[in-house]
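Asks: File name query_35.cif; file contents mmCIF, C-alpha atoms; full text below.
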```
data_data
#
loop_
_atom_site.label_atom_id
_atom_site.label_comp_id
_atom_site.auth_asym_id
_atom_site.auth_seq_id
_atom_site.Cartn_x
_atom_site.Cartn_y
_atom_site.Cartn_z
CA MET Q 1390 -47.87 10.80 22.11
CA LYS Q 1391 -51.05 8.84 21.48
CA GLU Q 1392 -50.73 9.53 17.76
CA ASN Q 1393 -47.13 8.28 17.73
CA SER Q 1394 -48.02 5.13 19.66
CA SER Q 1395 -50.90 4.49 17.24
CA ILE Q 1396 -48.56 4.84 14.26
CA LYS Q 1397 -46.03 2.49 15.87
CA ARG Q 1398 -48.78 -0.04 16.61
CA LYS Q 1399 -50.02 0.03 13.00
CA ARG Q 1400 -46.47 -0.27 11.73
CA ALA Q 1401 -45.81 -3.26 14.02
CA ILE Q 1402 -49.03 -4.96 12.86
CA GLY Q 1403 -48.13 -4.31 9.23
CA ASN Q 1404 -44.62 -5.68 9.73
CA THR Q 1405 -46.03 -8.78 11.44
CA PHE Q 1406 -48.33 -9.59 8.52
CA THR Q 1407 -45.48 -8.90 6.11
CA TYR Q 1408 -43.15 -11.31 7.91
CA ILE Q 1409 -45.85 -13.97 8.06
CA ALA Q 1410 -46.47 -13.63 4.32
CA LEU Q 1411 -42.73 -13.80 3.59
CA VAL Q 1412 -42.34 -16.92 5.76
CA LEU Q 1413 -45.24 -18.63 3.97
CA ILE Q 1414 -43.83 -17.71 0.56
CA SER Q 1415 -40.39 -18.99 1.63
CA ILE Q 1416 -41.87 -22.31 2.77
CA ILE Q 1417 -43.73 -22.73 -0.53
CA TRP Q 1418 -40.61 -21.78 -2.49
CA LEU Q 1419 -38.29 -24.09 -0.51
CA PHE Q 1420 -40.65 -27.09 -0.43
CA PRO Q 1421 -39.54 -28.51 -3.83
CA PHE Q 1422 -35.89 -28.20 -2.78
CA PHE Q 1423 -36.65 -30.00 0.47
CA GLY Q 1424 -38.33 -32.78 -1.49
CA LEU Q 1425 -35.35 -32.98 -3.85
CA ILE Q 1426 -32.91 -33.37 -0.95
CA MET Q 1427 -35.06 -35.99 0.80
CA GLN Q 1428 -35.47 -38.02 -2.38
CA SER Q 1429 -31.71 -37.97 -3.01
CA PHE Q 1430 -31.17 -39.79 0.30
CA ARG Q 1431 -33.83 -42.43 -0.41
CA SER Q 1432 -32.65 -45.72 -1.83
CA PHE Q 1433 -35.22 -47.12 -4.23
CA ASP Q 1434 -36.38 -50.59 -3.29
CA PRO Q 1435 -39.26 -52.13 -5.29
CA ALA Q 1436 -40.25 -54.19 -2.24
CA VAL Q 1437 -40.97 -51.11 -0.15
CA GLU Q 1438 -44.49 -49.72 -0.25
CA TYR Q 1439 -45.19 -46.13 0.73
CA GLY Q 1440 -48.37 -45.43 2.60
CA GLY Q 1441 -48.77 -41.76 1.78
CA MET Q 1442 -47.21 -38.45 0.89
CA VAL Q 1443 -45.25 -38.21 4.13
CA ASP Q 1444 -43.79 -41.71 3.79
CA TYR Q 1445 -42.87 -41.03 0.19
CA LEU Q 1446 -41.37 -37.59 0.80
CA ILE Q 1447 -39.42 -38.33 3.99
CA PRO Q 1448 -37.67 -41.73 3.88
CA LYS Q 1449 -37.74 -43.84 7.03
CA THR Q 1450 -34.09 -44.75 6.49
CA PHE Q 1451 -31.52 -42.50 4.85
CA SER Q 1452 -29.05 -43.95 2.40
CA LEU Q 1453 -26.10 -42.71 0.33
CA ASP Q 1454 -26.67 -45.32 -2.39
CA ASN Q 1455 -27.63 -42.72 -4.96
CA TYR Q 1456 -24.47 -40.69 -4.40
CA ARG Q 1457 -22.32 -43.83 -4.46
CA PHE Q 1458 -23.94 -44.77 -7.75
CA LEU Q 1459 -23.23 -41.34 -9.25
CA LEU Q 1460 -19.59 -41.32 -8.16
CA SER Q 1461 -18.92 -44.91 -9.22
CA LYS Q 1462 -17.29 -45.95 -12.48
CA SER Q 1463 -20.46 -47.66 -13.66
CA THR Q 1464 -21.93 -44.35 -14.87
CA ASN Q 1465 -20.73 -41.38 -16.93
CA PHE Q 1466 -21.89 -38.84 -14.35
CA LEU Q 1467 -18.37 -37.73 -13.45
CA LEU Q 1468 -17.60 -37.32 -17.16
CA TRP Q 1469 -20.75 -35.24 -17.64
CA TYR Q 1470 -19.85 -33.20 -14.57
CA ARG Q 1471 -16.36 -32.58 -15.96
CA ASN Q 1472 -17.78 -31.56 -19.35
CA THR Q 1473 -20.14 -29.11 -17.65
CA PHE Q 1474 -17.37 -27.68 -15.49
CA ILE Q 1475 -14.99 -27.25 -18.45
CA ILE Q 1476 -17.66 -25.50 -20.51
CA ALA Q 1477 -18.62 -23.26 -17.58
CA VAL Q 1478 -15.03 -22.20 -16.81
CA PHE Q 1479 -14.05 -21.41 -20.40
CA VAL Q 1480 -17.36 -19.67 -21.13
CA SER Q 1481 -17.03 -17.62 -17.94
CA ILE Q 1482 -13.52 -16.44 -18.85
CA GLY Q 1483 -14.22 -15.92 -22.56
CA GLN Q 1484 -17.53 -14.12 -22.12
CA THR Q 1485 -16.12 -11.85 -19.43
CA ILE Q 1486 -13.21 -10.77 -21.64
CA MET Q 1487 -15.49 -10.24 -24.63
CA ILE Q 1488 -18.15 -8.30 -22.71
CA LEU Q 1489 -15.59 -6.11 -20.92
CA CYS Q 1490 -13.89 -5.14 -24.17
CA VAL Q 1491 -17.13 -4.41 -26.01
CA SER Q 1492 -18.62 -2.51 -23.07
CA TYR Q 1493 -15.52 -0.38 -22.58
CA ALA Q 1494 -15.39 0.50 -26.27
CA LEU Q 1495 -19.06 1.49 -26.35
CA SER Q 1496 -18.80 3.43 -23.09
CA ARG Q 1497 -15.58 5.35 -23.68
CA MET Q 1498 -15.14 5.65 -27.44
CA ARG Q 1499 -17.19 7.71 -29.88
CA PHE Q 1500 -17.18 6.46 -33.45
CA LYS Q 1501 -19.43 6.57 -36.49
CA GLY Q 1502 -22.28 4.08 -36.30
CA ARG Q 1503 -21.96 3.54 -32.53
CA GLU Q 1504 -25.59 4.34 -31.72
CA LEU Q 1505 -26.82 2.35 -34.72
CA LEU Q 1506 -24.74 -0.64 -33.67
CA MET Q 1507 -26.08 -0.53 -30.11
CA ARG Q 1508 -29.66 -0.30 -31.31
CA PHE Q 1509 -29.11 -3.13 -33.80
CA TRP Q 1510 -27.69 -5.41 -31.09
CA LEU Q 1511 -30.55 -4.49 -28.77
CA ILE Q 1512 -33.14 -5.44 -31.41
CA LEU Q 1513 -31.23 -8.57 -32.40
CA GLY Q 1514 -31.14 -9.70 -28.77
CA MET Q 1515 -34.94 -9.70 -28.68
CA PHE Q 1516 -35.09 -12.69 -31.01
CA PRO Q 1517 -34.81 -16.10 -29.28
CA GLY Q 1518 -31.65 -18.08 -29.86
CA PHE Q 1519 -33.73 -21.07 -30.97
CA LEU Q 1520 -34.12 -19.45 -34.38
CA THR Q 1521 -30.44 -20.06 -35.14
CA MET Q 1522 -30.16 -23.61 -33.80
CA ILE Q 1523 -30.34 -25.37 -37.15
CA CYS Q 1524 -27.88 -23.00 -38.81
CA LEU Q 1525 -25.45 -23.20 -35.90
CA TYR Q 1526 -25.65 -26.98 -35.82
CA PHE Q 1527 -24.75 -27.37 -39.49
CA LEU Q 1528 -22.02 -24.74 -39.13
CA LEU Q 1529 -20.48 -26.59 -36.17
CA LYS Q 1530 -20.85 -29.89 -38.02
CA GLN Q 1531 -18.67 -28.55 -40.87
CA PHE Q 1532 -15.86 -28.00 -38.35
CA GLY Q 1533 -16.35 -31.29 -36.50
CA LEU Q 1534 -17.69 -29.57 -33.38
CA THR Q 1535 -20.76 -31.74 -32.87
CA GLN Q 1536 -21.16 -35.07 -31.07
CA ALA Q 1537 -17.55 -35.99 -30.12
CA GLY Q 1538 -16.56 -32.32 -30.46
CA ALA Q 1539 -19.64 -30.92 -28.76
CA VAL Q 1540 -17.77 -29.52 -25.73
CA PRO Q 1541 -15.53 -27.08 -27.67
CA GLY Q 1542 -18.47 -26.37 -29.97
CA LEU Q 1543 -20.65 -25.25 -27.06
CA ILE Q 1544 -17.81 -23.11 -25.72
CA LEU Q 1545 -17.33 -21.44 -29.10
CA ILE Q 1546 -21.02 -20.67 -29.59
CA SER Q 1547 -21.43 -19.29 -26.07
CA ILE Q 1548 -18.45 -16.95 -26.39
CA ALA Q 1549 -18.97 -15.85 -30.00
CA SER Q 1550 -22.24 -14.02 -29.40
CA SER Q 1551 -21.52 -12.77 -25.88
CA GLY Q 1552 -20.56 -9.25 -26.98
CA MET Q 1553 -24.24 -8.36 -27.38
CA GLY Q 1554 -24.69 -8.73 -23.61
CA TYR Q 1555 -22.93 -5.44 -22.96
CA TYR Q 1556 -25.91 -3.62 -21.39
CA VAL Q 1557 -25.21 -3.96 -17.67
CA CYS Q 1558 -21.44 -3.78 -17.99
CA LYS Q 1559 -21.57 -0.67 -20.16
CA GLY Q 1560 -23.90 0.97 -17.64
CA TYR Q 1561 -21.35 0.30 -14.91
CA PHE Q 1562 -18.49 1.75 -16.98
CA ASP Q 1563 -20.61 4.86 -17.58
CA THR Q 1564 -20.61 5.48 -13.81
CA ILE Q 1565 -16.81 5.74 -13.76
CA PRO Q 1566 -15.90 9.41 -14.38
CA ARG Q 1567 -14.44 10.08 -17.81
CA ALA Q 1568 -12.24 12.74 -16.20
CA LEU Q 1569 -10.01 9.93 -14.92
CA ASP Q 1570 -9.45 8.69 -18.46
CA GLU Q 1571 -8.76 12.20 -19.72
CA ALA Q 1572 -6.23 12.84 -16.94
CA ALA Q 1573 -4.48 9.57 -17.75
CA ARG Q 1574 -4.43 10.43 -21.47
CA ILE Q 1575 -2.82 13.79 -20.66
CA ASP Q 1576 -0.12 11.90 -18.73
CA GLY Q 1577 0.57 9.82 -21.84
CA ALA Q 1578 -1.30 6.61 -21.02
CA SER Q 1579 -2.66 4.59 -23.93
CA ARG Q 1580 -6.22 3.27 -24.19
CA ALA Q 1581 -5.02 -0.23 -23.29
CA LYS Q 1582 -3.11 1.00 -20.25
CA ILE Q 1583 -6.12 2.97 -19.01
CA PHE Q 1584 -8.33 -0.06 -19.46
CA PHE Q 1585 -6.10 -2.56 -17.64
CA ILE Q 1586 -4.55 -0.36 -14.95
CA LEU Q 1587 -7.25 2.22 -14.23
CA THR Q 1588 -10.66 0.90 -15.26
CA ILE Q 1589 -10.42 -2.83 -14.48
CA PRO Q 1590 -9.45 -2.38 -10.78
CA MET Q 1591 -12.43 -0.03 -10.34
CA ALA Q 1592 -14.82 -2.46 -12.04
CA LYS Q 1593 -14.35 -5.44 -9.73
CA PRO Q 1594 -18.10 -5.85 -8.91
CA ILE Q 1595 -19.20 -5.91 -12.54
CA ILE Q 1596 -16.40 -8.30 -13.49
CA ILE Q 1597 -17.45 -10.76 -10.78
CA TYR Q 1598 -21.12 -10.31 -11.75
CA THR Q 1599 -20.33 -11.03 -15.41
CA MET Q 1600 -18.20 -14.08 -14.60
CA LEU Q 1601 -20.82 -15.48 -12.23
CA VAL Q 1602 -23.67 -15.08 -14.72
CA ALA Q 1603 -21.56 -16.62 -17.50
CA PHE Q 1604 -20.55 -19.51 -15.25
CA MET Q 1605 -24.15 -20.30 -14.27
CA ALA Q 1606 -25.48 -20.44 -17.83
CA PRO Q 1607 -23.91 -23.80 -18.90
CA TRP Q 1608 -25.28 -25.51 -15.79
CA CYS Q 1609 -28.80 -24.74 -17.00
CA ASP Q 1610 -28.23 -25.40 -20.70
CA TYR Q 1611 -30.20 -28.34 -21.98
CA VAL Q 1612 -31.81 -27.64 -25.35
CA PHE Q 1613 -28.76 -26.59 -27.37
CA ALA Q 1614 -26.42 -28.93 -25.48
CA SER Q 1615 -28.57 -31.96 -26.32
CA TYR Q 1616 -28.89 -30.74 -29.90
CA VAL Q 1617 -25.12 -30.46 -30.44
CA ALA Q 1618 -24.21 -33.68 -28.59
CA PHE Q 1619 -26.93 -35.46 -30.60
CA GLY Q 1620 -26.92 -38.79 -28.78
CA TYR Q 1621 -23.16 -39.00 -28.16
CA ASP Q 1622 -23.13 -40.00 -24.50
CA LYS Q 1623 -19.59 -38.87 -23.68
CA SER Q 1624 -20.26 -35.29 -24.80
CA TYR Q 1625 -23.32 -34.76 -22.61
CA ASN Q 1626 -23.38 -32.14 -19.92
CA VAL Q 1627 -25.10 -32.97 -16.64
CA ALA Q 1628 -28.48 -31.54 -17.62
CA VAL Q 1629 -28.68 -33.69 -20.75
CA GLY Q 1630 -27.32 -36.82 -19.08
CA LEU Q 1631 -29.66 -36.70 -16.09
CA THR Q 1632 -32.66 -36.00 -18.29
CA ARG Q 1633 -31.87 -39.05 -20.41
CA TRP Q 1634 -31.85 -41.09 -17.21
CA VAL Q 1635 -35.41 -40.18 -16.25
CA TRP Q 1636 -36.51 -40.95 -19.81
CA THR Q 1637 -35.60 -44.61 -19.33
CA ASN Q 1638 -38.15 -47.32 -18.58
CA ASP Q 1639 -36.77 -47.55 -15.04
CA TYR Q 1640 -38.10 -44.10 -14.15
CA GLN Q 1641 -38.64 -44.87 -10.47
CA GLY Q 1642 -35.16 -46.31 -10.03
CA TYR Q 1643 -33.39 -43.41 -11.71
CA PHE Q 1644 -35.53 -40.64 -10.23
CA THR Q 1645 -33.75 -40.71 -6.86
CA ARG Q 1646 -30.40 -40.71 -8.67
CA PHE Q 1647 -31.62 -37.76 -10.72
CA CYS Q 1648 -32.38 -35.92 -7.45
CA ALA Q 1649 -28.91 -36.72 -6.09
CA GLY Q 1650 -27.35 -35.43 -9.31
CA GLY Q 1651 -29.37 -32.23 -8.99
CA ILE Q 1652 -27.99 -31.69 -5.49
CA LEU Q 1653 -24.40 -32.17 -6.66
CA ILE Q 1654 -24.95 -29.75 -9.51
CA ALA Q 1655 -26.45 -27.10 -7.23
CA VAL Q 1656 -23.49 -27.12 -4.83
CA PRO Q 1657 -20.91 -25.15 -6.92
CA VAL Q 1658 -23.36 -22.46 -8.01
CA THR Q 1659 -24.75 -22.09 -4.49
CA VAL Q 1660 -21.28 -21.76 -2.95
CA LEU Q 1661 -20.20 -19.22 -5.58
CA PHE Q 1662 -23.31 -17.14 -5.11
CA MET Q 1663 -23.01 -17.17 -1.32
CA PHE Q 1664 -19.42 -15.93 -1.39
CA LEU Q 1665 -19.87 -13.47 -4.27
CA GLN Q 1666 -23.38 -12.20 -3.49
CA LYS Q 1667 -22.07 -8.81 -2.36
CA TYR Q 1668 -20.31 -8.17 -5.66
CA TYR Q 1669 -23.25 -9.60 -7.62
CA VAL Q 1670 -25.63 -7.04 -6.11
CA GLU Q 1671 -23.11 -4.19 -6.56
CA GLY Q 1672 -22.63 -5.13 -10.20
CA VAL Q 1673 -26.37 -5.21 -10.94
CA THR Q 1674 -27.17 -1.96 -9.12
CA GLY Q 1675 -24.11 -0.16 -10.51
CA GLY Q 1676 -24.84 -1.23 -14.06
CA ALA Q 1677 -28.47 -0.14 -13.81
CA VAL Q 1678 -27.64 3.49 -13.06
CA LYS Q 1679 -26.78 4.50 -16.60
CA GLY Q 1680 -27.26 2.91 -19.98
#
```
Give the structure from this file in structure tokens form.

Replies:
Amino acid sequence: MKENSSIKRKRAIGNTFTYIALVLISIIWLFPFFGLIMQSFRSFDPAVEYGGMVDYLIPKTFSLDNYRFLLSKSTNFLLWYRNTFIIAVFVSIGQTIMILCVSYALSRMRFKGRELLMRFWLILGMFPGFLTMICLYFLLKQFGLTQAGAVPGLILISIASSGMGYYVCKGYFDTIPRALDEAARIDGASRAKIFFILTIPMAKPIIIYTMLVAFMAPWCDYVFASYVAFGYDKSYNVAVGLTRWVWTNDYQGYFTRFCAGGILIAVPVTVLFMFLQKYYVEGVTGGAVKG
């Protein structure tokens, strides 16, 4: 009994220190987000002087001026937001279709050069995408998909190379018993019918995971998006547009508006992740079982 109580006491002490450490890490991790939110509700006034870190971080009066400015017709923020949303939706749908098809083919079909192709894509994926930026830019320019056509150009580039991201999805398909496919083939079902009627309903977690990851990518894209838009204001996504704001001479005035824009951009991704977190985790863990 004494030994058991001693073990329980040590476990309780260990859990207490663990929880304290996790709380401290959470506070450190959430502090920048807290500052971002507070700054978004602070209206910049050159006449106001801030006496310290607390006065600067937490405004004495809260204002919605930054959000009114973003949603007004005097800026292109709503246009940038629409561009970002359009790119994200089309990339999410296109990448999901491409990855599902490639992953199913590599998981279920056996053909000459399959292993070589998988290894080649794996090695090719190790090289950063920045190496192809110049070539892709001139290729898109030949088709008029830069500057004014930057939005469809970014969609095309994001979807075209998405097949190489088959790793997790293929691992999930490998967990689905092949006996189900063989039984369906005996009953006369075609490959397409097995894929759409049998496999897809069983792969709901990995489909949602793939769509969520593909949707999140355009929200974070800055380098290639700014490269393709190349100074054409109406083709910016939100990341490029907001960054150009803080590059202006009026850095202090636009910084609070930049924070408000960051909050508005975080809302869709946060809501999606909160509602789809269950499927996101199932997709990752299911796809990591086999490869």

Asks: How many Å separate CA of Ser1481 (chain Q) from CA of Lys1530 (chain Q)?

Replies: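 Atom-to-atom, CA of Ser1481 (chain Q) to CA of Lys1530 (chain Q), that is 23.8 Å.
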
Asks: Could you tell me how far CA of Trp1510 (chain Q) sits from CA of Ile1565 (chain Q), in Å to one decimal place?

Replies: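 Taking CA of Ile1565 (chain Q) as the start and CA of Trp1510 (chain Q) as the end point, the length is 23.3 Å.
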
Asks: Could you state which residues are captured by the PyMOL selection byres ((chain Q and resi 1531-1538) around 8) in this file, as a count of residues only?

Replies: 16

Asks: Smallest atom-to-atom distance to Val1557 (chain Q): which of Q:Thr1659, Q:Ser1395, Q:Thr1588, Q:Ser1492, using only C-alpha atoms?

Replies: Q:Ser1492

Asks: From the list Q:Gly1552, Q:Gly1502, Q:Gly1630, Q:Pro1566, which residue is nearest Val1612 (chain Q) when using only C-alpha atoms?

Replies: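 Distance minimum relative to Val1612 (chain Q) lands on Q:Gly1630.
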
Asks: For this file, the PyMOL selection byres ((chain Q and resi 1603-1611) around 9) selects which residues, as a PyMOL selection string?

Replies: chain Q and resi 1473-1474+1476-1485+1543+1547+1598-1602+1612-1616+1626-1629+1632+1654-1655+1658

Asks: How many Å separate CA of Cys1648 (chain Q) from CA of Ser1429 (chain Q)?

Replies: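 Separation of CA of Cys1648 (chain Q) and CA of Ser1429 (chain Q): 4.9 Å.
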
Asks: Write region 1517-1549 of chain Q as a PDB file, keeping the file's coordinate frame, completed to N, CA and C atoms.

Replies:
```pdb
ATOM      1  N   PRO Q1517     -35.301 -14.932 -30.029  1.00  0.00           N
ATOM      2  CA  PRO Q1517     -34.810 -16.100 -29.280  1.00  0.00           C
ATOM      3  C   PRO Q1517     -33.703 -16.822 -30.028  1.00  0.00           C
ATOM      4  N   GLY Q1518     -32.769 -17.372 -29.259  1.00  0.00           N
ATOM      5  CA  GLY Q1518     -31.650 -18.080 -29.860  1.00  0.00           C
ATOM      6  C   GLY Q1518     -32.056 -19.356 -30.585  1.00  0.00           C
ATOM      7  N   PHE Q1519     -33.276 -19.851 -30.308  1.00  0.00           N
ATOM      8  CA  PHE Q1519     -33.730 -21.070 -30.970  1.00  0.00           C
ATOM      9  C   PHE Q1519     -33.830 -20.908 -32.482  1.00  0.00           C
ATOM     10  N   LEU Q1520     -33.980 -19.674 -32.947  1.00  0.00           N
ATOM     11  CA  LEU Q1520     -34.120 -19.450 -34.380  1.00  0.00           C
ATOM     12  C   LEU Q1520     -32.856 -19.816 -35.146  1.00  0.00           C
ATOM     13  N   THR Q1521     -31.719 -19.803 -34.464  1.00  0.00           N
ATOM     14  CA  THR Q1521     -30.440 -20.060 -35.140  1.00  0.00           C
ATOM     15  C   THR Q1521     -29.912 -21.466 -34.887  1.00  0.00           C
ATOM     16  N   MET Q1522     -30.669 -22.304 -34.198  1.00  0.00           N
ATOM     17  CA  MET Q1522     -30.160 -23.610 -33.800  1.00  0.00           C
ATOM     18  C   MET Q1522     -29.770 -24.480 -34.985  1.00  0.00           C
ATOM     19  N   ILE Q1523     -30.618 -24.519 -35.992  1.00  0.00           N
ATOM     20  CA  ILE Q1523     -30.340 -25.370 -37.150  1.00  0.00           C
ATOM     21  C   ILE Q1523     -29.106 -24.874 -37.903  1.00  0.00           C
ATOM     22  N   CYS Q1524     -29.041 -23.560 -38.104  1.00  0.00           N
ATOM     23  CA  CYS Q1524     -27.880 -23.000 -38.810  1.00  0.00           C
ATOM     24  C   CYS Q1524     -26.595 -23.231 -38.031  1.00  0.00           C
ATOM     25  N   LEU Q1525     -26.644 -23.012 -36.728  1.00  0.00           N
ATOM     26  CA  LEU Q1525     -25.450 -23.200 -35.900  1.00  0.00           C
ATOM     27  C   LEU Q1525     -25.023 -24.669 -35.875  1.00  0.00           C
ATOM     28  N   TYR Q1526     -25.998 -25.569 -35.847  1.00  0.00           N
ATOM     29  CA  TYR Q1526     -25.650 -26.980 -35.820  1.00  0.00           C
ATOM     30  C   TYR Q1526     -24.905 -27.398 -37.080  1.00  0.00           C
ATOM     31  N   PHE Q1527     -25.418 -26.987 -38.246  1.00  0.00           N
ATOM     32  CA  PHE Q1527     -24.750 -27.370 -39.490  1.00  0.00           C
ATOM     33  C   PHE Q1527     -23.399 -26.659 -39.644  1.00  0.00           C
ATOM     34  N   LEU Q1528     -23.300 -25.444 -39.101  1.00  0.00           N
ATOM     35  CA  LEU Q1528     -22.020 -24.740 -39.130  1.00  0.00           C
ATOM     36  C   LEU Q1528     -20.992 -25.462 -38.256  1.00  0.00           C
ATOM     37  N   LEU Q1529     -21.389 -25.853 -37.054  1.00  0.00           N
ATOM     38  CA  LEU Q1529     -20.480 -26.590 -36.170  1.00  0.00           C
ATOM     39  C   LEU Q1529     -20.137 -27.962 -36.752  1.00  0.00           C
ATOM     40  N   LYS Q1530     -21.095 -28.569 -37.432  1.00  0.00           N
ATOM     41  CA  LYS Q1530     -20.850 -29.890 -38.020  1.00  0.00           C
ATOM     42  C   LYS Q1530     -19.772 -29.825 -39.096  1.00  0.00           C
ATOM     43  N   GLN Q1531     -19.704 -28.714 -39.839  1.00  0.00           N
ATOM     44  CA  GLN Q1531     -18.670 -28.550 -40.870  1.00  0.00           C
ATOM     45  C   GLN Q1531     -17.276 -28.535 -40.269  1.00  0.00           C
ATOM     46  N   PHE Q1532     -17.158 -28.081 -39.024  1.00  0.00           N
ATOM     47  CA  PHE Q1532     -15.860 -28.000 -38.350  1.00  0.00           C
ATOM     48  C   PHE Q1532     -15.623 -29.159 -37.387  1.00  0.00           C
ATOM     49  N   GLY Q1533     -16.511 -30.142 -37.383  1.00  0.00           N
ATOM     50  CA  GLY Q1533     -16.350 -31.290 -36.500  1.00  0.00           C
ATOM     51  C   GLY Q1533     -16.584 -30.961 -35.037  1.00  0.00           C
ATOM     52  N   LEU Q1534     -17.447 -30.001 -34.756  1.00  0.00           N
ATOM     53  CA  LEU Q1534     -17.690 -29.570 -33.380  1.00  0.00           C
ATOM     54  C   LEU Q1534     -19.066 -30.006 -32.876  1.00  0.00           C
ATOM     55  N   THR Q1535     -19.544 -31.138 -33.387  1.00  0.00           N
ATOM     56  CA  THR Q1535     -20.760 -31.740 -32.870  1.00  0.00           C
ATOM     57  C   THR Q1535     -20.428 -33.153 -32.394  1.00  0.00           C
ATOM     58  N   GLN Q1536     -21.328 -33.730 -31.636  1.00  0.00           N
ATOM     59  CA  GLN Q1536     -21.160 -35.070 -31.070  1.00  0.00           C
ATOM     60  C   GLN Q1536     -19.836 -35.187 -30.303  1.00  0.00           C
ATOM     61  N   ALA Q1537     -18.809 -35.829 -30.856  1.00  0.00           N
ATOM     62  CA  ALA Q1537     -17.550 -35.990 -30.120  1.00  0.00           C
ATOM     63  C   ALA Q1537     -16.879 -34.651 -29.841  1.00  0.00           C
ATOM     64  N   GLY Q1538     -17.136 -33.646 -30.660  1.00  0.00           N
ATOM     65  CA  GLY Q1538     -16.560 -32.320 -30.460  1.00  0.00           C
ATOM     66  C   GLY Q1538     -17.546 -31.317 -29.915  1.00  0.00           C
ATOM     67  N   ALA Q1539     -18.573 -31.803 -29.229  1.00  0.00           N
ATOM     68  CA  ALA Q1539     -19.640 -30.920 -28.760  1.00  0.00           C
ATOM     69  C   ALA Q1539     -19.164 -29.957 -27.671  1.00  0.00           C
ATOM     70  N   VAL Q1540     -18.227 -30.384 -26.826  1.00  0.00           N
ATOM     71  CA  VAL Q1540     -17.770 -29.520 -25.730  1.00  0.00           C
ATOM     72  C   VAL Q1540     -17.109 -28.247 -26.258  1.00  0.00           C
ATOM     73  N   PRO Q1541     -16.079 -28.337 -27.124  1.00  0.00           N
ATOM     74  CA  PRO Q1541     -15.530 -27.080 -27.670  1.00  0.00           C
ATOM     75  C   PRO Q1541     -16.523 -26.335 -28.543  1.00  0.00           C
ATOM     76  N   GLY Q1542     -17.452 -27.049 -29.182  1.00  0.00           N
ATOM     77  CA  GLY Q1542     -18.470 -26.370 -29.970  1.00  0.00           C
ATOM     78  C   GLY Q1542     -19.381 -25.515 -29.120  1.00  0.00           C
ATOM     79  N   LEU Q1543     -19.801 -26.022 -27.962  1.00  0.00           N
ATOM     80  CA  LEU Q1543     -20.650 -25.250 -27.060  1.00  0.00           C
ATOM     81  C   LEU Q1543     -19.900 -24.055 -26.489  1.00  0.00           C
ATOM     82  N   ILE Q1544     -18.614 -24.231 -26.208  1.00  0.00           N
ATOM     83  CA  ILE Q1544     -17.810 -23.110 -25.720  1.00  0.00           C
ATOM     84  C   ILE Q1544     -17.718 -22.012 -26.765  1.00  0.00           C
ATOM     85  N   LEU Q1545     -17.464 -22.409 -28.009  1.00  0.00           N
ATOM     86  CA  LEU Q1545     -17.330 -21.440 -29.100  1.00  0.00           C
ATOM     87  C   LEU Q1545     -18.618 -20.655 -29.316  1.00  0.00           C
ATOM     88  N   ILE Q1546     -19.740 -21.340 -29.347  1.00  0.00           N
ATOM     89  CA  ILE Q1546     -21.020 -20.670 -29.590  1.00  0.00           C
ATOM     90  C   ILE Q1546     -21.362 -19.725 -28.445  1.00  0.00           C
ATOM     91  N   SER Q1547     -21.092 -20.132 -27.218  1.00  0.00           N
ATOM     92  CA  SER Q1547     -21.430 -19.290 -26.070  1.00  0.00           C
ATOM     93  C   SER Q1547     -20.592 -18.021 -26.024  1.00  0.00           C
ATOM     94  N   ILE Q1548     -19.336 -18.109 -26.443  1.00  0.00           N
ATOM     95  CA  ILE Q1548     -18.450 -16.950 -26.390  1.00  0.00           C
ATOM     96  C   ILE Q1548     -18.656 -16.035 -27.595  1.00  0.00           C
ATOM     97  N   ALA Q1549     -18.933 -16.624 -28.752  1.00  0.00           N
ATOM     98  CA  ALA Q1549     -18.970 -15.850 -30.000  1.00  0.00           C
ATOM     99  C   ALA Q1549     -20.012 -14.741 -29.976  1.00  0.00           C
TER     100      ALA Q1549
END
```
